[in-house]
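S.K.: Structure supplied as coords.txt; contents: compact mmCIF, C-alpha atoms.
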# COMPACT_ATOMS: atom_id res chain seq x y z
CA MET A 1 1.03 -51.94 -20.91
CA LYS A 2 -2.44 -50.42 -20.55
CA LEU A 3 -1.18 -47.94 -17.94
CA PHE A 4 0.75 -46.13 -20.67
CA SER A 5 -1.86 -46.24 -23.40
CA PRO A 6 -3.65 -43.01 -24.35
CA MET A 7 -7.27 -42.44 -23.41
CA THR A 8 -10.14 -40.04 -23.90
CA LEU A 9 -11.34 -38.26 -20.77
CA GLY A 10 -14.44 -36.19 -21.44
CA ASP A 11 -13.45 -33.53 -23.97
CA LEU A 12 -9.74 -34.30 -23.60
CA LYS A 13 -7.09 -36.75 -24.76
CA LEU A 14 -4.58 -38.06 -22.21
CA ASP A 15 -1.18 -39.51 -23.10
CA ASN A 16 -1.34 -42.13 -20.35
CA ARG A 17 -3.64 -43.38 -17.59
CA LEU A 18 -1.66 -42.14 -14.62
CA VAL A 19 -3.49 -39.40 -12.70
CA MET A 20 -1.91 -37.26 -10.00
CA ALA A 21 -4.21 -37.20 -6.98
CA PRO A 22 -5.35 -33.89 -5.50
CA LEU A 23 -2.69 -33.39 -2.83
CA THR A 24 -2.81 -30.76 -0.09
CA ARG A 25 0.57 -28.98 -0.05
CA MET A 26 -0.16 -25.58 1.60
CA ARG A 27 2.40 -23.57 -0.40
CA SER A 28 0.22 -20.62 -1.48
CA GLY A 29 0.62 -18.33 1.55
CA PRO A 30 -2.02 -16.25 3.34
CA SER A 31 -3.21 -14.75 0.03
CA GLY A 32 -4.05 -18.16 -1.47
CA VAL A 33 -2.25 -17.16 -4.68
CA PRO A 34 -0.22 -19.91 -6.40
CA GLY A 35 3.25 -18.45 -6.93
CA PRO A 36 6.36 -19.47 -8.90
CA LEU A 37 7.08 -22.43 -6.59
CA VAL A 38 3.59 -23.85 -7.18
CA VAL A 39 3.97 -23.27 -10.93
CA GLU A 40 7.22 -25.25 -10.94
CA TYR A 41 5.74 -28.11 -8.87
CA TYR A 42 2.92 -28.73 -11.33
CA ARG A 43 5.10 -28.13 -14.39
CA GLN A 44 7.56 -30.79 -13.23
CA ARG A 45 4.74 -33.37 -13.17
CA ALA A 46 3.18 -32.56 -16.55
CA SER A 47 4.13 -35.95 -18.03
CA LEU A 48 1.47 -37.65 -15.91
CA GLY A 49 -1.68 -38.20 -17.97
CA LEU A 50 -3.78 -35.85 -15.82
CA LEU A 51 -2.87 -33.57 -12.96
CA VAL A 52 -5.60 -32.79 -10.43
CA SER A 53 -4.73 -29.74 -8.36
CA GLU A 54 -4.80 -29.62 -4.60
CA GLY A 55 -8.19 -28.65 -3.22
CA THR A 56 -8.92 -25.00 -4.01
CA TYR A 57 -11.46 -23.07 -2.00
CA PRO A 58 -14.50 -21.47 -3.70
CA SER A 59 -15.02 -18.95 -0.87
CA ARG A 60 -13.08 -17.86 2.20
CA ALA A 61 -15.64 -19.68 4.35
CA GLY A 62 -14.69 -22.82 2.44
CA GLN A 63 -10.96 -22.55 3.15
CA GLY A 64 -9.69 -25.53 5.11
CA PHE A 65 -5.97 -24.94 5.65
CA PRO A 66 -3.39 -22.19 6.01
CA GLY A 67 -1.55 -21.74 2.72
CA GLN A 68 -4.36 -23.30 0.69
CA PRO A 69 -4.89 -21.76 -2.77
CA GLY A 70 -8.24 -20.31 -3.78
CA LEU A 71 -10.20 -19.70 -6.94
CA VAL A 72 -11.89 -16.50 -5.75
CA THR A 73 -9.78 -13.37 -6.28
CA ASP A 74 -8.33 -11.99 -9.52
CA GLU A 75 -4.83 -12.62 -8.16
CA GLN A 76 -5.63 -16.26 -7.44
CA ILE A 77 -7.06 -16.74 -10.93
CA GLU A 78 -3.95 -15.18 -12.46
CA GLY A 79 -1.76 -17.47 -10.34
CA TRP A 80 -3.59 -20.52 -11.68
CA ARG A 81 -3.29 -19.15 -15.22
CA THR A 82 0.50 -19.23 -14.83
CA VAL A 83 0.28 -22.82 -13.54
CA ALA A 84 -1.96 -23.91 -16.43
CA ASP A 85 0.26 -22.23 -19.02
CA ALA A 86 3.37 -23.97 -17.65
CA VAL A 87 1.69 -27.39 -17.58
CA HIS A 88 0.35 -26.95 -21.14
CA ALA A 89 3.76 -25.79 -22.39
CA ASP A 90 5.14 -29.16 -21.23
CA GLY A 91 2.29 -31.10 -22.87
CA GLY A 92 0.23 -31.73 -19.74
CA VAL A 93 -3.46 -31.63 -18.80
CA ILE A 94 -4.65 -30.14 -15.50
CA PHE A 95 -7.98 -30.00 -13.66
CA ALA A 96 -8.63 -27.78 -10.64
CA GLN A 97 -10.17 -29.54 -7.66
CA VAL A 98 -12.90 -27.34 -6.18
CA MET A 99 -13.22 -28.02 -2.47
CA HIS A 100 -15.37 -26.46 0.25
CA ALA A 101 -13.97 -27.56 3.61
CA GLY A 102 -17.30 -27.32 5.40
CA ARG A 103 -16.76 -27.96 9.12
CA VAL A 104 -13.13 -29.10 8.62
CA THR A 105 -11.73 -25.65 9.38
CA HIS A 106 -11.67 -22.83 11.94
CA GLU A 107 -12.43 -19.10 11.89
CA ALA A 108 -8.70 -18.51 12.51
CA THR A 109 -8.15 -20.06 9.06
CA THR A 110 -11.13 -18.59 7.21
CA GLY A 111 -10.36 -14.99 8.18
CA GLY A 112 -13.25 -14.87 10.60
CA HIS A 113 -15.82 -16.35 8.23
CA GLU A 114 -18.32 -18.55 10.05
CA VAL A 115 -17.72 -22.31 9.92
CA VAL A 116 -20.70 -24.09 8.35
CA GLY A 117 -21.84 -27.64 7.69
CA PRO A 118 -24.99 -29.66 7.05
CA SER A 119 -25.62 -30.00 10.80
CA ALA A 120 -24.29 -28.44 14.01
CA ILE A 121 -21.95 -31.33 14.84
CA ALA A 122 -18.26 -30.68 15.50
CA ILE A 123 -15.36 -32.94 14.55
CA ASP A 124 -13.60 -34.43 17.56
CA GLY A 125 -10.06 -33.16 17.16
CA ARG A 126 -7.83 -30.18 16.46
CA THR A 127 -6.97 -28.32 13.27
CA HIS A 128 -3.98 -26.29 12.08
CA THR A 129 -4.78 -22.58 11.81
CA TYR A 130 -2.77 -19.41 11.25
CA GLU A 131 -2.79 -19.10 15.08
CA GLY A 132 -1.59 -22.64 15.79
CA LYS A 133 -3.60 -25.77 16.56
CA LYS A 134 -7.17 -25.24 17.76
CA PRO A 135 -10.13 -27.53 18.49
CA TYR A 136 -12.63 -27.83 15.66
CA PRO A 137 -15.59 -25.50 16.30
CA THR A 138 -19.20 -26.56 16.13
CA PRO A 139 -20.35 -25.52 12.66
CA ARG A 140 -23.55 -23.61 12.05
CA ALA A 141 -26.02 -25.75 10.13
CA LEU A 142 -26.66 -24.25 6.70
CA ARG A 143 -30.27 -23.22 6.17
CA GLU A 144 -32.03 -24.67 3.15
CA ASP A 145 -32.38 -21.18 1.64
CA GLU A 146 -28.58 -20.74 1.83
CA LEU A 147 -27.74 -23.81 -0.22
CA PRO A 148 -28.23 -22.18 -3.65
CA SER A 149 -25.59 -19.58 -2.80
CA VAL A 150 -23.10 -22.32 -1.80
CA ILE A 151 -23.83 -24.07 -5.10
CA GLU A 152 -23.15 -20.77 -6.86
CA GLU A 153 -19.75 -20.57 -5.12
CA PHE A 154 -18.84 -23.95 -6.65
CA VAL A 155 -20.07 -22.75 -10.06
CA GLN A 156 -18.17 -19.46 -9.94
CA ALA A 157 -14.93 -21.11 -8.78
CA SER A 158 -15.30 -23.65 -11.60
CA LYS A 159 -15.81 -20.87 -14.14
CA ASN A 160 -12.77 -19.10 -12.69
CA ALA A 161 -10.68 -22.26 -13.12
CA VAL A 162 -11.58 -22.54 -16.80
CA ALA A 163 -11.07 -18.78 -17.26
CA ALA A 164 -7.55 -19.35 -15.85
CA GLY A 165 -6.88 -21.91 -18.58
CA MET A 166 -7.42 -25.07 -16.53
CA ASP A 167 -8.73 -27.96 -18.64
CA GLY A 168 -11.61 -28.75 -16.29
CA VAL A 169 -12.60 -29.18 -12.66
CA GLU A 170 -12.95 -32.00 -10.18
CA ILE A 171 -15.67 -31.50 -7.57
CA HIS A 172 -14.45 -32.68 -4.17
CA GLY A 173 -17.10 -34.96 -2.70
CA ALA A 174 -14.68 -36.98 -0.56
CA ASN A 175 -12.54 -37.10 2.59
CA GLY A 176 -14.97 -35.53 5.06
CA TYR A 177 -15.30 -32.05 3.52
CA LEU A 178 -18.59 -30.22 2.93
CA LEU A 179 -20.09 -32.39 0.18
CA HIS A 180 -19.06 -35.59 1.94
CA GLU A 181 -20.55 -34.18 5.16
CA PHE A 182 -23.93 -34.09 3.43
CA LEU A 183 -23.54 -37.73 2.33
CA SER A 184 -22.58 -39.10 5.76
CA PRO A 185 -25.36 -39.88 8.25
CA ALA A 186 -22.92 -39.08 11.08
CA SER A 187 -22.41 -35.46 9.98
CA ASN A 188 -25.83 -34.90 8.35
CA ILE A 189 -28.80 -35.21 10.73
CA ARG A 190 -30.98 -32.74 8.85
CA GLU A 191 -34.73 -33.23 8.77
CA ASP A 192 -35.43 -31.30 5.56
CA ALA A 193 -35.12 -32.36 1.89
CA TYR A 194 -31.30 -32.65 2.29
CA GLY A 195 -31.20 -35.12 5.19
CA GLY A 196 -32.56 -38.45 6.33
CA SER A 197 -32.86 -40.87 3.43
CA PRO A 198 -29.90 -41.80 1.20
CA GLU A 199 -31.56 -39.92 -1.68
CA ASN A 200 -31.94 -36.79 0.42
CA ARG A 201 -28.35 -36.89 1.68
CA ALA A 202 -27.13 -37.25 -1.92
CA ARG A 203 -29.32 -34.38 -3.15
CA PHE A 204 -27.01 -31.43 -2.41
CA VAL A 205 -23.97 -33.11 -3.98
CA ALA A 206 -25.97 -33.93 -7.10
CA GLU A 207 -27.25 -30.35 -7.32
CA VAL A 208 -23.69 -28.99 -7.15
CA VAL A 209 -22.61 -31.33 -9.95
CA GLU A 210 -25.62 -30.46 -12.10
CA ALA A 211 -25.00 -26.73 -11.69
CA VAL A 212 -21.29 -26.96 -12.54
CA VAL A 213 -22.07 -29.12 -15.59
CA ALA A 214 -24.65 -26.55 -16.72
CA ALA A 215 -21.95 -23.86 -16.54
CA LEU A 216 -18.95 -25.73 -18.02
CA GLY A 217 -20.27 -28.68 -20.00
CA ALA A 218 -20.07 -32.26 -18.75
CA GLY A 219 -16.86 -33.07 -20.65
CA ARG A 220 -14.83 -30.81 -18.36
CA VAL A 221 -16.26 -31.92 -15.02
CA GLY A 222 -15.34 -34.86 -12.78
CA ILE A 223 -16.21 -35.74 -9.20
CA ARG A 224 -14.20 -37.49 -6.49
CA ILE A 225 -15.88 -39.62 -3.81
CA SER A 226 -14.56 -41.79 -0.97
CA PRO A 227 -17.38 -44.06 0.22
CA ALA A 228 -16.86 -45.60 3.68
CA HIS A 229 -13.52 -43.81 4.04
CA ASN A 230 -14.49 -42.90 7.62
CA ILE A 231 -12.23 -39.87 7.87
CA GLN A 232 -12.67 -36.57 9.72
CA ASP A 233 -15.76 -37.97 11.47
CA ALA A 234 -17.76 -38.29 8.21
CA LEU A 235 -18.47 -41.85 9.27
CA GLU A 236 -20.20 -44.32 6.95
CA THR A 237 -20.19 -47.63 8.79
CA ASP A 238 -23.47 -49.23 7.61
CA SER A 239 -22.60 -50.97 4.33
CA GLU A 240 -26.20 -51.05 3.11
CA ASP A 241 -26.61 -47.33 3.76
CA VAL A 242 -23.31 -46.63 1.99
CA ARG A 243 -24.43 -48.60 -1.05
CA ALA A 244 -27.83 -46.88 -1.12
CA THR A 245 -26.40 -43.37 -0.65
CA TYR A 246 -23.72 -43.59 -3.32
CA ARG A 247 -26.03 -45.39 -5.76
CA ALA A 248 -28.53 -42.57 -5.28
CA LEU A 249 -25.79 -40.06 -6.09
CA VAL A 250 -24.38 -41.96 -9.07
CA ASP A 251 -27.82 -42.74 -10.49
CA ARG A 252 -28.63 -39.03 -10.46
CA ILE A 253 -25.38 -37.78 -12.01
CA ALA A 254 -24.75 -40.63 -14.49
CA PRO A 255 -27.09 -39.20 -17.17
CA LEU A 256 -25.05 -35.97 -17.22
CA GLY A 257 -22.15 -37.68 -19.03
CA LEU A 258 -19.35 -36.41 -16.76
CA ALA A 259 -15.71 -36.63 -17.79
CA TYR A 260 -15.11 -39.07 -14.94
CA LEU A 261 -15.97 -40.46 -11.53
CA SER A 262 -12.92 -40.79 -9.27
CA VAL A 263 -13.32 -43.29 -6.43
CA LEU A 264 -10.98 -43.49 -3.45
CA HIS A 265 -11.53 -46.86 -1.77
CA LYS A 266 -9.25 -49.52 -0.34
CA GLU A 267 -10.93 -52.26 -2.40
CA PRO A 268 -11.41 -50.90 -5.93
CA ALA A 269 -12.09 -54.43 -7.22
CA GLY A 270 -14.78 -54.97 -4.58
CA GLU A 271 -18.51 -55.11 -5.10
CA LEU A 272 -19.25 -51.54 -3.95
CA VAL A 273 -16.86 -49.77 -6.32
CA GLN A 274 -17.63 -52.05 -9.25
CA ASP A 275 -21.38 -51.63 -8.73
CA LEU A 276 -20.94 -47.84 -8.76
CA ARG A 277 -18.76 -48.14 -11.85
CA ARG A 278 -21.44 -50.06 -13.74
CA ALA A 279 -24.13 -47.61 -12.64
CA PHE A 280 -22.00 -44.63 -13.70
CA GLY A 281 -21.39 -46.09 -17.14
CA GLY A 282 -18.52 -43.72 -17.97
CA THR A 283 -14.82 -43.29 -17.22
CA VAL A 284 -13.91 -44.32 -13.67
CA LEU A 285 -10.60 -43.43 -12.01
CA VAL A 286 -9.60 -45.71 -9.13
CA ASN A 287 -7.43 -44.79 -6.16
CA SER A 288 -6.63 -47.57 -3.71
CA GLY A 289 -3.93 -45.75 -1.77
CA PHE A 290 -4.50 -43.58 1.26
CA GLY A 291 -3.06 -45.54 4.12
CA GLU A 292 -1.07 -47.57 1.57
CA ILE A 293 1.16 -46.28 -1.22
CA THR A 294 0.08 -47.54 -4.64
CA SER A 295 2.87 -49.55 -6.30
CA ARG A 296 3.68 -49.85 -9.99
CA ASN A 297 2.55 -53.48 -10.02
CA GLU A 298 -0.75 -52.64 -8.33
CA ALA A 299 -1.39 -49.77 -10.74
CA ARG A 300 -0.70 -52.06 -13.70
CA ALA A 301 -2.98 -54.77 -12.34
CA LEU A 302 -5.87 -52.38 -11.70
CA LEU A 303 -5.95 -51.54 -15.40
CA ASP A 304 -4.88 -54.88 -16.89
CA GLU A 305 -7.65 -56.61 -14.92
CA GLY A 306 -10.24 -54.06 -16.02
CA ILE A 307 -10.92 -52.68 -12.53
CA GLY A 308 -10.71 -49.05 -13.62
CA ASP A 309 -9.97 -46.86 -16.63
CA ALA A 310 -7.11 -44.90 -15.04
CA VAL A 311 -5.21 -44.98 -11.73
CA VAL A 312 -4.92 -42.08 -9.30
CA VAL A 313 -1.66 -41.92 -7.32
CA GLY A 314 -0.50 -39.55 -4.60
CA ARG A 315 2.78 -39.99 -2.76
CA PRO A 316 4.68 -41.58 -5.67
CA ALA A 317 3.83 -38.44 -7.70
CA ILE A 318 4.97 -36.17 -4.87
CA ALA A 319 8.41 -37.78 -4.73
CA ASN A 320 8.87 -38.51 -8.45
CA PRO A 321 8.09 -35.65 -10.84
CA ASP A 322 8.93 -38.05 -13.69
CA LEU A 323 6.84 -40.93 -12.29
CA ALA A 324 5.40 -41.82 -15.71
CA TYR A 325 8.91 -42.31 -17.12
CA ARG A 326 10.17 -44.25 -14.10
CA TRP A 327 7.18 -46.61 -14.02
CA ARG A 328 7.18 -47.14 -17.77
CA GLU A 329 10.89 -48.11 -17.69
CA ASP A 330 10.64 -49.85 -14.27
CA LEU A 331 13.30 -47.59 -12.73
CA PRO A 332 13.97 -46.95 -9.01
CA LEU A 333 11.85 -44.36 -7.22
CA ASN A 334 12.60 -41.50 -4.84
CA GLU A 335 11.07 -41.99 -1.39
CA PRO A 336 8.52 -39.38 -0.27
CA ASP A 337 9.53 -37.32 2.78
CA GLN A 338 6.38 -37.08 4.86
CA SER A 339 7.87 -34.42 7.15
CA THR A 340 7.81 -31.88 4.27
CA PHE A 341 4.32 -32.60 2.89
CA TYR A 342 2.78 -29.55 4.59
CA THR A 343 5.73 -27.21 5.14
CA ASP A 344 6.74 -24.03 3.31
CA GLY A 345 9.32 -23.72 0.58
CA ALA A 346 10.97 -25.86 -2.05
CA GLN A 347 12.26 -28.63 0.23
CA GLY A 348 10.21 -31.78 -0.32
CA TYR A 349 8.19 -29.96 -2.97
CA THR A 350 10.18 -29.02 -6.08
CA ASP A 351 13.59 -30.48 -5.15
CA TYR A 352 12.90 -34.19 -5.74
CA PRO A 353 15.32 -35.17 -8.53
CA ALA A 354 14.17 -36.37 -11.93
CA LEU A 355 16.18 -38.93 -13.86
CA GLN A 356 17.86 -37.65 -17.00
CA HIS A 357 15.85 -38.70 -20.05
Mind converting the file's structure to structure tokens?
M.R.:
Amino acid sequence: MKLFSPMTLGDLKLDNRLVMAPLTRMRSGPSGVPGPLVVEYYRQRASLGLLVSEGTYPSRAGQGFPGQPGLVTDEQIEGWRTVADAVHADGGVIFAQVMHAGRVTHEATTGGHEVVGPSAIAIDGRTHTYEGKKPYPTPRALREDELPSVIEEFVQASKNAVAAGMDGVEIHGANGYLLHEFLSPASNIREDAYGGSPENRARFVAEVVEAVVAALGAGRVGIRISPAHNIQDALETDSEDVRATYRALVDRIAPLGLAYLSVLHKEPAGELVQDLRRAFGGTVLVNSGFGEITSRNEARALLDEGIGDAVVVGRPAIANPDLAYRWREDLPLNEPDQSTFYTDGAQGYTDYPALQH
């Protein structure tokens, strides 16, 4: 079964082609330091071919949620070192996802740091903060002369991840956060070199990727995108514009030789994803589940039919620390408890049982 065959991913060798999606779990407290509970959660799942951490913020202004871990302070870096050591001790491979929330946050979450985005357009809705639910604020549009410092935040957080012993980083360009906000014509109405045309809207994302690759080497850097996901008001409803924007991005980053491109899209076999895959020319991870849970049979088919090189899964990995074993042997699965996805403590986090093997 191709799902359980080894593969090369950039500079690394993976035991199988099952990748744990970056999953927001909010267990790192106000300090953003991954503690023993977080260490145990990732360690339990080390038999998956690659673990991608939950989104980690590269600056306090980039923090999106209460309890989100960071890659900024010495204590946060040490926390991730303990996670990486535990995963490696159990034979696993782990990347840190570096995520700037952009406008998907509130000053009551960021410790008073100003909420920023590509343009001064607020999300319609409310967000969880340390002070309860609050309406999303209108972000301040980043000035062009500020963008290099935001790029440097991504670079420094990526360096911090590798210094902590992580095997690489995934740049979060998906799901409506800062980089996706630059890609979407609904959240980016800039009139400078970073707005307007598909090439201009892709420019900032490409510059982040190029800078991180220059710091770490391409073989330890991946990027996650979610074209036409239409989440958190980063709307992309014009299919021709979507194609042009993401082709502009992929055409610019493909020559770098990244470890992978991870694509979250409901139709991974469709023309858009497969066109991007051909243009990228390297390893492509596919993730069909967001509204739908990816099944074992679907994951097998995605690889057996040559639709992707590895499969990214979320909720099955939350509920089954030994998912690789269960899927390989076609054993029953634990059901994920959605009510504990974003709570505190071990319940619904580290207490899902593994089968004896």
S.K.: Find the distance between CA of Pro34 in chain A and CA of Gly314 in chain A and write it in Å to one decimal.
M.R.: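 Separating CA of Pro34 in chain A from CA of Gly314 in chain A is a distance of 19.7 Å.
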S.K.: Give me, as number ranges by chain, all polymer residues having an atom no more than 8 Å from Phe65 in chain A, counting all atoms listed in the file and skipping those fewer than 5 positions away in the same chain.
M.R.: A: 26, 105, 109, 128-129
S.K.: From the list A:Ala317, A:Ala301, A:Val162, A:Val312, which residue is nearest Met1 in chain A when using all atoms listed in the file?
M.R.: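 Using all atoms listed in the file, the shortest distance to Met1 in chain A belongs to A:Ala301.
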S.K.: When distances are computed from all atoms listed in the file, which of A:Arg190, A:Leu71, A:Ile94, A:His106 shows the smallest separation from Lys159 in chain A?
M.R.: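 For Lys159 in chain A, the nearest of the candidates is A:Leu71.
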S.K.: Rank A:Val273, A:Ala61, A:Leu179, A:Leu264 by their smallest atom-to-atom distance to Arg243 in chain A, using only C-alpha atoms, and report the top residue only.
M.R.: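 Comparing A:Val273, A:Ala61, A:Leu179, A:Leu264 against Arg243 in chain A, the winner is A:Val273.
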S.K.: When distances are computed from only C-alpha atoms, which of A:Arg224, A:Arg247, A:Arg328, A:Arg143 shows the smallest separation from Leu18 in chain A?
M.R.: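 Selected residue with least distance to Leu18 in chain A: A:Arg328.
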S.K.: Which polymer residues have any atom within 7 Å of an atom of Val33 in chain A, counting only C-alpha atoms, with same-chain residues fewer than 6 positions away left out, as a PDB file with C-alpha atoms, in the coordinates of the input?
M.R.:
ATOM      1  CA  PRO A  69      -4.890 -21.760  -2.770  1.00  0.00           C
ATOM      2  CA  GLY A  70      -8.240 -20.310  -3.780  1.00  0.00           C
ATOM      3  CA  GLU A  75      -4.830 -12.620  -8.160  1.00  0.00           C
ATOM      4  CA  GLN A  76      -5.630 -16.260  -7.440  1.00  0.00           C
ATOM      5  CA  GLY A  79      -1.760 -17.470 -10.340  1.00  0.00           C
TER       6      GLY A  79
END
S.K.: Have a look at A:Gly92, A:Gly222, A:Pro58, A:Gly132 and name the one nearest to Ala161 in chain A; count all atoms listed in the file.
M.R.: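 Going through A:Gly92, A:Gly222, A:Pro58, A:Gly132 one by one, the smallest distance to Ala161 in chain A is for A:Pro58.
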S.K.: If I put a ball of radius 6 Å at (-6.8, -45.6, -13.9) in the file's coordinates, which residues poke into it when counting only C-alpha atoms, written as a PyMOL selection string?
M.R.: chain A and resi 17+285-286+308-311
S.K.: When you draw a straight line from CA of Asp90 in chain A to CA of Tyr352 in chain A, how long is it in Å?
M.R.: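 Those two atoms sit 18.0 Å apart.
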S.K.: With a distance cut-off of 9 Å and only C-alpha atoms, select the neighbouring residues of Ile189 in chain A, excluding the residue or stretch itself and same-chain residues fewer than 4 positions from it, and output the selection as JSON, numbers by chain.
M.R.: {"A": [118, 119, 120, 121, 182, 184, 185, 195, 196]}
S.K.: Which of these residues is nearest to Thr237 in chain A, using only C-alpha atoms: A:Val150, A:Ala186, A:Ala86, A:Ala163?
M.R.: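 Smallest separation from Thr237 in chain A among the options: A:Ala186.
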